[in-house]
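Printed here is input_32.pdb (PDB, C-alpha atoms):
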ATOM      1  CA  MET A   1     101.937  -3.885  56.860
ATOM      2  CA  ASP A   2      98.187  -3.395  56.356
ATOM      3  CA  VAL A   3      95.507  -3.980  58.954
ATOM      4  CA  VAL A   4      92.075  -5.148  57.830
ATOM      5  CA  LEU A   5      89.047  -4.904  60.104
ATOM      6  CA  PHE A   6      86.206  -7.431  59.746
ATOM      7  CA  SER A   7      84.100  -6.425  62.715
ATOM      8  CA  ALA A   8      81.743  -3.453  62.862
ATOM      9  CA  VAL A   9      82.391  -2.980  66.616
ATOM     10  CA  VAL A  10      86.050  -2.304  67.273
ATOM     11  CA  ASP A  11      87.803  -0.892  70.303
ATOM     12  CA  PHE A  12      89.607   1.935  68.497
ATOM     13  CA  ASP A  13      91.707   2.923  71.518
ATOM     14  CA  LEU A  14      93.082  -0.586  71.757
ATOM     15  CA  LEU A  15      93.542  -0.890  68.003
ATOM     16  CA  PHE A  16      95.317   2.446  67.609
ATOM     17  CA  GLY A  17      97.378   1.824  70.727
ATOM     18  CA  ILE A  18      98.608  -1.472  69.298
ATOM     19  CA  ALA A  19      99.129   0.107  65.887
ATOM     20  CA  ASP A  20     101.163   2.941  67.422
ATOM     21  CA  MET A  21     103.331   0.479  69.355
ATOM     22  CA  CYS A  22     103.976  -1.488  66.157
ATOM     23  CA  GLU A  23     104.446   1.734  64.174
ATOM     24  CA  ILE A  24     101.605   0.781  61.835
ATOM     25  CA  LYS A  25      99.725   3.562  60.091
ATOM     26  CA  VAL A  26      95.980   3.012  60.416
ATOM     27  CA  GLN A  27      93.471   5.181  58.592
ATOM     28  CA  LYS A  28      90.210   6.053  60.242
ATOM     29  CA  TYR A  29      87.115   5.740  58.102
ATOM     30  CA  THR A  30      84.233   5.791  60.562
ATOM     31  CA  PHE A  31      82.259   8.791  61.721
ATOM     32  CA  PHE A  32      82.752   7.850  65.389
ATOM     33  CA  SER A  33      86.506   7.462  65.106
ATOM     34  CA  PHE A  34      86.718  10.991  63.682
ATOM     35  CA  PHE A  35      85.064  12.427  66.826
ATOM     36  CA  GLN A  36      87.113  10.153  69.031
ATOM     37  CA  GLN A  37      90.303  11.488  67.452
ATOM     38  CA  LEU A  38      88.993  15.056  67.744
ATOM     39  CA  ARG A  39      88.338  14.417  71.448
ATOM     40  CA  LYS A  40      91.896  13.129  71.864
ATOM     41  CA  LYS A  41      93.285  16.230  70.167
ATOM     42  CA  ASN A  42      91.178  18.481  72.401
ATOM     43  CA  ILE A  43      92.346  16.614  75.485
ATOM     44  CA  LEU A  44      95.932  16.980  74.280
ATOM     45  CA  LEU A  45      95.405  20.697  73.679
ATOM     46  CA  LEU A  46      93.817  21.086  77.100
ATOM     47  CA  TRP A  47      96.735  19.196  78.635
ATOM     48  CA  GLN A  48      99.199  21.526  76.885
ATOM     49  CA  ILE A  49      97.309  24.595  78.117
ATOM     50  CA  VAL A  50      97.243  23.280  81.683
ATOM     51  CA  MET A  51     100.945  22.422  81.567
ATOM     52  CA  CYS A  52     101.789  25.857  80.146
ATOM     53  CA  PHE A  53      99.758  27.498  82.928
ATOM     54  CA  LEU A  54     101.443  25.359  85.592
ATOM     55  CA  MET A  55     104.899  26.029  84.166
ATOM     56  CA  LYS A  56     104.192  29.764  84.175
ATOM     57  CA  LYS A  57     103.047  29.560  87.813
ATOM     58  CA  LEU A  58     106.102  27.477  88.688
ATOM     59  CA  CYS A  59     108.438  29.947  86.971
ATOM     60  CA  ASN A  60     106.756  32.895  88.723
ATOM     61  CA  ALA A  61     107.083  31.137  92.081
ATOM     62  CA  LEU A  62     110.738  30.386  91.374
ATOM     63  CA  ILE A  63     111.455  34.001  90.372
ATOM     64  CA  PHE A  64     109.604  35.304  93.439
ATOM     65  CA  GLY A  65     111.512  32.915  95.718
ATOM     66  CA  LEU A  66     114.896  33.840  94.265
ATOM     67  CA  LEU A  67     114.121  37.560  94.484
ATOM     68  CA  PHE A  68     112.908  37.119  98.046
ATOM     69  CA  LEU A  69     116.185  35.417  99.001
ATOM     70  CA  TRP A  70     118.291  38.004  97.108
ATOM     71  CA  GLN A  71     116.531  40.774  99.053
ATOM     72  CA  LEU A  72     116.309  38.818 102.317
ATOM     73  CA  PRO A  73     117.720  41.459 104.719
ATOM     74  CA  GLN A  74     115.229  44.126 103.657
ATOM     75  CA  ASN A  75     112.390  41.570 103.423
ATOM     76  CA  LEU A  76     112.992  40.572 107.038
ATOM     77  CA  VAL A  77     112.975  44.234 108.118
ATOM     78  CA  ALA A  78     109.725  44.749 106.173
ATOM     79  CA  LEU A  79     108.050  41.747 107.796
ATOM     80  CA  VAL A  80     109.037  42.985 111.258
ATOM     81  CA  TRP A  81     107.854  46.487 110.314
ATOM     82  CA  LEU A  82     104.480  45.197 109.111
ATOM     83  CA  ALA A  83     104.053  43.084 112.249
ATOM     84  CA  ALA A  84     104.820  46.093 114.474
ATOM     85  CA  ALA A  85     102.750  48.571 112.452
ATOM     86  CA  GLY A  86      99.454  46.915 113.266
ATOM     87  CA  PRO A  87      96.702  46.440 110.694
ATOM     88  CA  ALA A  88      97.896  46.851 107.103
ATOM     89  CA  LYS A  89      95.869  46.850 103.909
ATOM     90  CA  LYS A  90      97.180  45.568 100.589
ATOM     91  CA  ILE A  91      96.706  48.330  98.015
ATOM     92  CA  ALA A  92      98.714  47.230  94.967
ATOM     93  CA  CYS A  93     100.690  44.302  93.590
ATOM     94  CA  ARG A  94     102.949  44.184  90.512
ATOM     95  CA  HIS A  95     106.385  43.090  89.303
ATOM     96  CA  TYR A  96     106.737  40.548  92.158
ATOM     97  CA  ASN A  97     106.193  43.372  94.693
ATOM     98  CA  VAL A  98     103.297  44.256  96.946
ATOM     99  CA  ALA A  99     102.301  47.596  98.479
ATOM    100  CA  PHE A 100     100.594  47.966 101.837
ATOM    101  CA  ALA A 101      99.053  50.926 103.615
ATOM    102  CA  ALA A 102     100.168  50.848 107.248
ATOM    103  CA  ARG A 103     101.122  53.088 110.139
ATOM    104  CA  MET A 104     104.296  55.076 109.369
ATOM    105  CA  PRO A 105     106.555  57.340 111.440
ATOM    106  CA  LYS A 106     105.687  61.047 111.419
ATOM    107  CA  GLY A 107     106.764  62.733 108.199
ATOM    108  CA  ALA A 108     107.273  59.506 106.236
ATOM    109  CA  GLY A 109     105.153  58.980 103.151
ATOM    110  CA  GLY A 110     106.378  55.464 102.502
ATOM    111  CA  VAL A 111     109.241  53.009 102.621
ATOM    112  CA  SER A 112     110.355  50.230 100.286
ATOM    113  CA  LEU A 113     111.977  47.194 101.790
ATOM    114  CA  GLY A 114     112.657  44.347  99.397
ATOM    115  CA  THR A 115     109.456  42.907  98.006
ATOM    116  CA  PHE A 116     107.323  45.199 100.153
ATOM    117  CA  ALA A 117     106.387  48.840  99.697
ATOM    118  CA  ILE A 118     104.701  50.349 102.721
ATOM    119  CA  VAL A 119     102.919  53.702 102.478
ATOM    120  CA  SER A 120     101.147  55.697 105.143
ATOM    121  CA  HIS A 121      97.388  55.470 105.416
ATOM    122  CA  ALA A 122      97.255  59.121 104.332
ATOM    123  CA  ASN A 123      98.986  58.196 101.047
ATOM    124  CA  ARG A 124      97.078  54.982 100.278
ATOM    125  CA  ASN A 125      95.298  56.703  97.360
ATOM    126  CA  ASN A 126      98.271  58.822  96.251
ATOM    127  CA  GLN A 127      99.395  57.092  93.033
ATOM    128  CA  ARG A 128     102.578  59.148  92.843
ATOM    129  CA  VAL A 129     103.773  57.921  96.258
ATOM    130  CA  ILE A 130     102.715  54.338  95.500
ATOM    131  CA  ARG A 131     104.526  54.369  92.139
ATOM    132  CA  HIS A 132     107.586  56.024  93.724
ATOM    133  CA  GLU A 133     107.815  53.243  96.318
ATOM    134  CA  LEU A 134     106.450  50.251  94.382
ATOM    135  CA  ASP A 135     107.950  50.951  90.942
ATOM    136  CA  GLY A 136     110.908  53.064  92.044
ATOM    137  CA  HIS A 137     112.801  51.971  95.143
ATOM    138  CA  THR A 138     111.984  48.299  94.615
ATOM    139  CA  VAL A 139     113.997  48.347  91.369
ATOM    140  CA  ASP A 140     117.089  49.421  93.334
ATOM    141  CA  SER A 141     116.343  46.695  95.877
ATOM    142  CA  LYS A 142     116.282  44.067  93.118
ATOM    143  CA  LEU A 143     119.486  45.426  91.604
ATOM    144  CA  LEU A 144     121.470  45.832  94.818
ATOM    145  CA  GLY A 145     120.098  42.893  96.779
ATOM    146  CA  PRO A 146     121.688  42.677 100.238
ATOM    147  CA  LEU A 147     123.531  45.989  99.704
ATOM    148  CA  TYR A 148     120.281  47.950  99.342
ATOM    149  CA  LEU A 149     119.981  48.845 103.020
ATOM    150  CA  LEU A 150     123.490  50.339 103.062
ATOM    151  CA  VAL A 151     123.413  52.061  99.661
ATOM    152  CA  VAL A 152     119.788  53.275  99.574
ATOM    153  CA  GLY A 153     117.909  52.485 102.798
ATOM    154  CA  LEU A 154     120.184  54.091 105.393
ATOM    155  CA  PRO A 155     121.018  57.230 103.347
ATOM    156  CA  SER A 156     117.328  57.679 102.535
ATOM    157  CA  ALA A 157     116.313  57.380 106.211
ATOM    158  CA  LEU A 158     119.043  59.861 107.246
ATOM    159  CA  HIS A 159     117.923  62.209 104.473
ATOM    160  CA  LEU A 160     114.329  62.041 105.787
ATOM    161  CA  LEU A 161     115.500  62.944 109.312
ATOM    162  CA  TRP A 162     117.625  65.815 107.978
ATOM    163  CA  TYR A 163     114.832  67.038 105.687
ATOM    164  CA  ASN A 164     112.222  67.045 108.479
ATOM    165  CA  LYS A 165     114.539  69.135 110.680
ATOM    166  CA  PHE A 166     116.359  71.458 108.230
ATOM    167  CA  GLY A 167     115.125  70.934 104.709
ATOM    168  CA  LYS A 168     111.815  72.728 104.623
ATOM    169  CA  GLY A 169     111.492  74.786 101.476
ATOM    170  CA  ARG A 170     113.765  72.486  99.485
ATOM    171  CA  PRO A 171     112.477  69.722  97.189
ATOM    172  CA  TYR A 172     112.625  66.372  98.984
ATOM    173  CA  ASP A 173     113.199  64.579  95.672
ATOM    174  CA  ASP A 174     116.591  66.258  95.099
ATOM    175  CA  PHE A 175     118.379  63.542  97.083
ATOM    176  CA  TYR A 176     119.988  60.854  94.890
ATOM    177  CA  THR A 177     117.931  57.933  96.243
ATOM    178  CA  GLU A 178     114.672  59.779  95.564
ATOM    179  CA  ARG A 179     115.766  60.914  92.087
ATOM    180  CA  ARG A 180     116.667  57.331  91.174
ATOM    181  CA  ALA A 181     113.319  56.013  92.443
ATOM    182  CA  ASN A 182     111.432  58.651  90.471
ATOM    183  CA  ARG A 183     113.423  57.814  87.348
ATOM    184  CA  HIS A 184     112.736  54.080  87.744
ATOM    185  CA  ALA A 185     109.021  54.778  88.252
ATOM    186  CA  GLY A 186     108.826  57.179  85.308
ATOM    187  CA  LEU A 187     108.009  60.169  87.535
ATOM    188  CA  LYS A 188     109.386  63.684  87.176
TER     189      LYS A 188
END
As structure tokens, please, write out the structure in this file.
Amino acid sequence: MDVVLFSAVVDFDLLFGIADMCEIKVQKYTFFSFFQQLRKKNILLLWQIVMCFLMKKLCNALIFGLLFLWQLPQNLVALVWLAAAGPAKKIACRHYNVAFAARMPKGAGGVSLGTFAIVSHANRNNQRVIRHELDGHTVDSKLLGPLYLLVVGLPSALHLLWYNKFGKGRPYDDFYTERRANRHAGLK
């Protein structure tokens, strides 16, 4: 079916909307309709970009939420720790994890609990410690989920107590939890 236009002033949106509903192919011959179609394509492209951005944000929020729930026991401990530690400063953020500099017990360089890596104020510029906690222990937390505190957290804390009392002169990183964190973080 062909459509013939007799008027010089035509509402192209209405015409093309009706033509699309009737599945009629209409060719555009005017200079203005070309720019109107270009504008529609740009709006469509902009819409696709916005939707892609929103979907990415939605997916990131979903992943963060699921990881937070999977690591809930250690996340709760971290939130209590941060609340008790006083002022904390965010120093790094990557891979759905965040690192803070906060008050730590004597002898502790840092601790990783779920989504949170907490380093001492003295180590806030020490990239090795930040990577060890943020890129190392957090991988085990994601892998082990609720078992992390039993498999990594408790043995690591006991190792720190033992090391501070008896282990001077020995490398702290020889313990299995520390070796694994260094391996995950790409440290030697």
Subject >> Result set of the PyMOL selection byres ((chain A and resi 140) around 12) on the coordinates above, as number ranges by chain >> reply: A: 71, 74, 112-115, 132-139, 141-153, 176-185
Which residues, written as a tab-separated table (two decimals) with C-alpha atoms, in the frame of the given file, have at least one atom at most 10 Å from region 89-96 of chain A, with all atoms listed in the file counted and residues fewer than 6 positions away on the same chain left out?
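Result file is around_0.tsv:
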chain	number	residue	atom	x	y	z
A	60	ASN	CA	106.76	32.90	88.72
A	61	ALA	CA	107.08	31.14	92.08
A	63	ILE	CA	111.46	34.00	90.37
A	64	PHE	CA	109.60	35.30	93.44
A	65	GLY	CA	111.51	32.92	95.72
A	67	LEU	CA	114.12	37.56	94.48
A	68	PHE	CA	112.91	37.12	98.05
A	102	ALA	CA	100.17	50.85	107.25
A	115	THR	CA	109.46	42.91	98.01
A	116	PHE	CA	107.32	45.20	100.15
A	117	ALA	CA	106.39	48.84	99.70
A	118	ILE	CA	104.70	50.35	102.72
A	119	VAL	CA	102.92	53.70	102.48
A	121	HIS	CA	97.39	55.47	105.42
A	124	ARG	CA	97.08	54.98	100.28
A	125	ASN	CA	95.30	56.70	97.36
A	130	ILE	CA	102.72	54.34	95.50
A	131	ARG	CA	104.53	54.37	92.14
A	134	LEU	CA	106.45	50.25	94.38
A	135	ASP	CA	107.95	50.95	90.94
A	138	THR	CA	111.98	48.30	94.62
A	139	VAL	CA	114.00	48.35	91.37
Original post:
Interatomic distance between CA of Leu158 (chain A) and CA of Ala108 (chain A)?
Top reply: 11.8 Å
Subject >> Selected residue, from A:Val50, A:Val111, A:Val129, A:Leu187, that lies nearest to Ala157 (chain A) when counting all atoms listed in the file >> reply: A:Val111
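Considering all atoms listed in the file, the residue among A:Ala122, A:Arg103, A:Leu46, A:Met51 positioned nearest to Ala83 (chain A) is A:Arg103.
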**OP:** One decimal, Å: what's the distance from CA of Leu62 (chain A) over to CA of Ala101 (chain A), could you say?
**Re:** 26.6 Å
Original post:
Just how far from CA of Asn97 (chain A) is CA of Gln127 (chain A), in Å to one decimal?
Top reply: 15.4 Å
Kindly provide, as JSON, the centre and edge lengths (Å, one decimal) of an axis-aligned box around all atoms of region 120-133 of chain A given in the file, with 4 Å on each side.
{"center_x": 101.6, "center_y": 56.2, "center_z": 98.8, "size_x": 20.5, "size_y": 13.9, "size_z": 21.3}
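Comparing A:Arg128, A:Leu79, A:Ile43, A:Pro105 by their smallest distance to Leu160 (chain A), the closest is A:Pro105 (using only C-alpha atoms).
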